[in-house]
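Some notes on the structure that comes next.
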Amino acid sequence: MIGALGVDNLVRVRNWPLPAAITATLAVTALFAYLYDQVVLRLAQDGRRRQEGLVITFFFTFALSFFIDGVAKILFGTDVHAAPALWNGNSLNIAGALHIERAGILVLGCAVLSGAMFALYIRYTLSGKAMEACGENYLGARIVGIDTRRYRRIIFVATAILAGIFGIVESPITGFTFISGATISVTGFLAAAYGGFQKPGRALVAGLVIGIAEVLLGGYVSAEYSDTLLYAILAALVLARPSALGFESAVGG
Amino acid sequence: MAPSWRLRPRLPGGGPLATTGLVLVAGCSAMLLFAQQYAGSVIILACTFAIVTAGMAVQIGFSQQIAFSQSVFMGLGAYGVALLNTHLNMPSLLAAPIVVAGSGLVALVLGSVVTRVSGLALAVATIMLPLIAVGYLSSASYLGGSVGMPLTGSLWQASTPGATLVGNGLITVAALGLVVFIATRILASDIGLELYVLGVDERTAAAMGVSTPRRKLELFVLGSAFAALGGAVYAGTQLFVPATLVNPTAELSLLMMLFVGGRRSILGAIAGALAIQYLSGASNWVSVNILVVEGVLITVVLLVDPEGLAGIAASLAARLRRARAAQPGGPDTAAPAPAAGQVAAAEPAAAAAGSAVGRAPVFGRDWAVRARAGGNPDIARLECAAIGKAYGGLNVLDGIDLALPARGVHGLCGPNGAGKSTLLGVIGGGVRPSAGRVLLDGTEVTRLPAQRRFHLGVSRTFQAVRLIPGRTVLDNVAVACLSSHRSGIASAVARNRLAEARDRAMAALDYLDMSRLSGQEVSALTLENQRMVEFARAVAAKPRLLLLDEPASGLSESQREHLKDVLRTVGEMTCVLLVEHDLGLIAQISETIFVLASGRLVFTGGPEEFRNSAVVNSLLVGL
């Protein structure tokens, strides 16, 4: 959201050239993520009163999302904005019948590229392994000499930049407002949850499947109720097979 | 007493009556003074949300059942009242209870589906509800679509607008008072202790006899009904139901109020709602930039104390008390007053000290009677027939047959990974076997969940100590002495049997000569004492079958000697199955010894044969 609105603002209002605007926005995003990690997360996780549990961590991010939404409202107002399209032109025709927006291809390309890069990073590099270790067992990772704080910083800044990039490529299609962030967070969280939190490859697939299912339901069943149906199906899935989807299952003790 | 820095500060709040009284008096005076001013409308709105967050404190904060469905039920309550009011011309005040009851029924049906899962799955499944509701509302024109729905009459209709405002305010405060009373009564009761354990660890709760599926459903219905009541009051006081009442952002706002205030405290939840509503209604730069302010506020509050404003207040109060106690000649406040939310054990502990001498033998006699009751000497206390357990293709247990008599200590040993703890799980009910049958006193219990077996007299400890942090030793033991397992959550409003449970727990502690520990918070104890507390918890239920998973690991030599003596005494009364790596200890106190290796029973016999057995020596001693 920051990516989209930031670039749009710089280009349209301040008349910056597009590449400079993109660089500046991503730099600000990264800097903010870095500072947040250094100040808040550091205090929260390494401070005198260590905060434990997934729930509290979620609330820090919820609070962050409220904060960013509020700042965005002040900076960019409440209108719908979109970053300028990066790849202009008519929609491409594939096999005569299928029309695909160029921006859509760009989004898909970015998704596959970043997902693949991250999966390769985790699987084939030492630092990727170290990062996975931090996620699996924080204390264990520290004991074997992994600087967990450094990895947390890296991953936090990296995801912020990644999100910024997607905002820029995605916004020509959908348009963003200052509260678009929350909706995207919820969808992203769901995709990550359905994919299993520790498996970026599966999360990517889950995200794609959820997205495609949404479009298909909208096209073939009912445009009006596509979201409703999708969410109902997702809820049914969790309830039917919690363990298969990677949720801890504690049914019946 | 433990060093005070280890003790968590107690959360504020007196008894249920005091808390409710405080809310009612403060609320009513605020209404009478400010109802006709702008501040009054902000307070009414805050109280409305406080009704919802107080329910969330019980469901989400205290019992850790994270459900994201509050805004949906708030919407159900609000739209329900609006519909009855506009379409049937029903007065809002009459419509509200009808709608709340209806929402409770809806919650019962929905809850019986969603509360089958726990933790993250519950959160994800319930977050779909507001998402679904948003989609539905935007196209439901009879509900006003994506705008909302107006009402024609408020909760209280008086002749003058001023009296109407005051009336509405008082009704709101009364509803809040009712909710606070119910919530605080439940939390301070024996069922409150059950809920606390459920929140910390569902499996331990089940092993201690808590009917976890039932409690989870009750919590869902309770939280939803309170949310619906909040929604009904919202509709009846605001005279308009905006569609934005139901969506994931509204859900987050409610959670923010709860967490800013203090997730485990009823008063905290109310304070959070007041704080956020006051800030949003302040009509200056704060309310314009409310998102920024909320974001910063919750970050700062959670950084200072994860228990929110209530936690901060409690820490301040504790610091004040210490400062006063430190002053020479100051009032003697060394023993902090017990509080409602996190109930202190000081009182029962003091009362118990006097009668400690008489109670321990009574406990032992009662136990011996219970352990013998209904027992037929010809029928084995425990019988396992052809037990098998496979995880995927891995056979952890394979054709285990064993039978135990009604009394005596029986050892179970074997190398790491032999399947000892799994077998204990199968007998205790935590693990469902893939094959075979488990019989208790000749009755088949193979399919019974852990809590039902607990009621039949099976009690256990865990390999890794599973105590309930944040509670005293006495409360940890009292978990096994609750008689509330079969009562509904609503019964806690009328009756509190926590004191009886604590009395029984104290008797068990006396019996094991541990009463000096009763007032300590469990995470401040040494590992040995933690193991002993877990042992006491298993014993306190006066079990007919006691399952112990490595009770001696981590204990010193002298502590093992003490444990040995205790186990000998216990073995004279009841049947004990002891998993242990200490072969010397096993051989000294066991009547029969079973050796497991790779999921099969490779040895069964008395201690003499055990010492001389070639199998045992090669497998366990390495000779």
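A note on labels: chains of the structure tokens are A, B, ... as shown, every chain counts residues from 1, and ligands are counted from 1 in their shown order.
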Task: Contact residues (chain B, partner chain A, 7 Å, only C-alpha atoms) as an NGL selection string - done: :B and (114 or 116-118 or 120-121 or 125 or 128 or 131-132 or 135-136 or 202-203 or 206 or 213 or 289 or 291-292 or 294-296 or 298-299 or 303 or 306 or 430 or 449-450)
Residues from last step as file, C-alpha atoms, as a tab-separated table (two decimals), in the first residue's frame:
chain	number	residue	atom	x	y	z
B	114	VAL	CA	-16.05	-24.11	14.87
B	116	ARG	CA	-14.06	-28.49	17.27
B	117	VAL	CA	-10.71	-26.97	16.38
B	118	SER	CA	-8.30	-25.02	18.56
B	120	LEU	CA	-4.76	-20.95	15.03
B	121	ALA	CA	-7.35	-23.05	13.21
B	125	ALA	CA	-12.03	-20.36	10.78
B	128	MET	CA	-14.04	-15.98	7.81
B	131	LEU	CA	-15.47	-11.60	5.83
B	132	ILE	CA	-18.56	-13.56	4.83
B	135	GLY	CA	-20.06	-9.75	1.47
B	136	TYR	CA	-23.59	-10.58	2.53
B	202	GLU	CA	-5.82	-27.90	26.44
B	203	ARG	CA	-4.30	-31.36	26.87
B	206	ALA	CA	-8.39	-32.73	29.53
B	213	PRO	CA	-15.13	-29.43	24.03
B	289	ASN	CA	-5.61	10.86	13.42
B	291	LEU	CA	-5.40	5.30	13.57
B	292	VAL	CA	-1.95	6.71	14.28
B	294	GLU	CA	-4.22	3.79	18.35
B	295	GLY	CA	-1.21	2.24	16.68
B	296	VAL	CA	1.25	4.08	18.90
B	298	ILE	CA	-1.15	-0.19	21.71
B	299	THR	CA	2.53	-0.57	20.83
B	303	LEU	CA	5.80	-2.89	25.36
B	306	PRO	CA	1.59	-7.41	27.93
B	430	GLY	CA	-4.27	-38.60	25.35
B	449	PRO	CA	-11.47	-39.11	26.02
B	450	ALA	CA	-8.92	-38.25	28.72
Task: Shell of 9 Å around segment 253-259 of chain B, only C-alpha atoms, local chain residues under 5 positions omitted, as an NGL selection string - done: (:A and (56 or 59 or 62-63)) or (:B and (49-50 or 52-54 or 56-57 or 61 or 68 or 70-71 or 248 or 264-265 or 268-277 or 294 or 298 or 301-302 or 306-309))
Pull C-alpha atoms from the residues just selected and write them as a tab-separated table (two decimals), in the first residue's frame.
chain	number	residue	atom	x	y	z
A	56	ILE	CA	1.09	-10.65	21.25
A	59	PHE	CA	-0.95	-7.40	18.02
A	62	PHE	CA	-1.90	-5.01	13.96
A	63	ALA	CA	-0.83	-1.88	15.81
B	49	PHE	CA	-18.25	-1.59	23.38
B	50	ALA	CA	-17.22	-2.50	26.93
B	52	VAL	CA	-18.48	-6.75	24.08
B	53	THR	CA	-14.90	-6.51	25.32
B	54	ALA	CA	-15.82	-7.82	28.79
B	56	MET	CA	-13.86	-11.10	25.04
B	57	ALA	CA	-11.78	-10.87	28.21
B	61	GLY	CA	-7.96	-13.18	27.19
B	68	PHE	CA	-12.63	-13.33	15.40
B	70	GLN	CA	-17.32	-10.80	17.84
B	71	SER	CA	-18.19	-8.11	15.29
B	248	PRO	CA	-12.46	-7.33	9.95
B	264	ARG	CA	-7.29	-11.03	31.19
B	265	SER	CA	-9.05	-8.41	33.25
B	268	GLY	CA	-9.14	-3.68	32.04
B	269	ALA	CA	-11.36	-4.57	29.09
B	270	ILE	CA	-13.78	-1.82	30.13
B	271	ALA	CA	-10.93	0.65	30.62
B	272	GLY	CA	-9.64	-0.18	27.14
B	273	ALA	CA	-13.05	0.48	25.56
B	274	LEU	CA	-13.36	3.75	27.47
B	275	ALA	CA	-9.86	4.87	26.49
B	276	ILE	CA	-10.23	4.14	22.79
B	277	GLN	CA	-13.76	5.55	22.54
B	294	GLU	CA	-4.22	3.79	18.35
B	298	ILE	CA	-1.15	-0.19	21.71
B	301	VAL	CA	1.18	-0.20	26.25
B	302	LEU	CA	2.10	-3.72	25.14
B	306	PRO	CA	1.59	-7.41	27.93
B	307	GLU	CA	-1.34	-7.33	30.34
B	308	GLY	CA	-2.24	-3.83	29.16
B	309	LEU	CA	-3.47	-0.96	31.32
- [ ] Could you tell me, as a list in words, which residues of segment 429-460 of chain B DSSP assigns to strand (DSSP E) when given the backbone?
- [x] Ala435, Gly436, Arg437, Val438, Leu439, Leu440, Thr443, Glu444, Val458, Ser459 and Arg460 of chain B
May I have the selected residues written with C-alpha atoms, as a PDB file, in the first residue's frame?
ATOM      1  CA  ALA B 435      -5.365 -51.336  17.591  1.00  0.00           C
ATOM      2  CA  GLY B 436      -6.286 -53.131  20.783  1.00  0.00           C
ATOM      3  CA  ARG B 437      -8.402 -52.388  23.846  1.00  0.00           C
ATOM      4  CA  VAL B 438      -7.900 -50.678  27.190  1.00  0.00           C
ATOM      5  CA  LEU B 439     -10.020 -51.899  30.109  1.00  0.00           C
ATOM      6  CA  LEU B 440     -10.358 -50.204  33.450  1.00  0.00           C
ATOM      7  CA  THR B 443     -14.921 -51.765  31.555  1.00  0.00           C
ATOM      8  CA  GLU B 444     -13.729 -50.845  28.113  1.00  0.00           C
ATOM      9  CA  VAL B 458      -7.103 -42.374  36.054  1.00  0.00           C
ATOM     10  CA  SER B 459      -4.657 -39.618  36.926  1.00  0.00           C
ATOM     11  CA  ARG B 460      -1.231 -38.879  35.477  1.00  0.00           C
TER      12      ARG B 460
END
Task: Spatial neighbours of Leu76 of chain B, max dist 12 Å, only C-alpha atoms, sep filter under 2 positions, as a ChimeraX atom specification - done: /B:69-74,78-84,96,98-107,129-130,133,137,143,224-235,241,243,245-246
Task: Residues flagged helix (DSSP H, G or I) by DSSP in segment 113-165 of chain B, as a ChimeraX atom specification - done: /B:113-114,119-139,141-143,161-165
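Pairwise distance (atom CA of Leu217 of chain B, atom CA of Lys542 of chain B) equals 29.0 Å.
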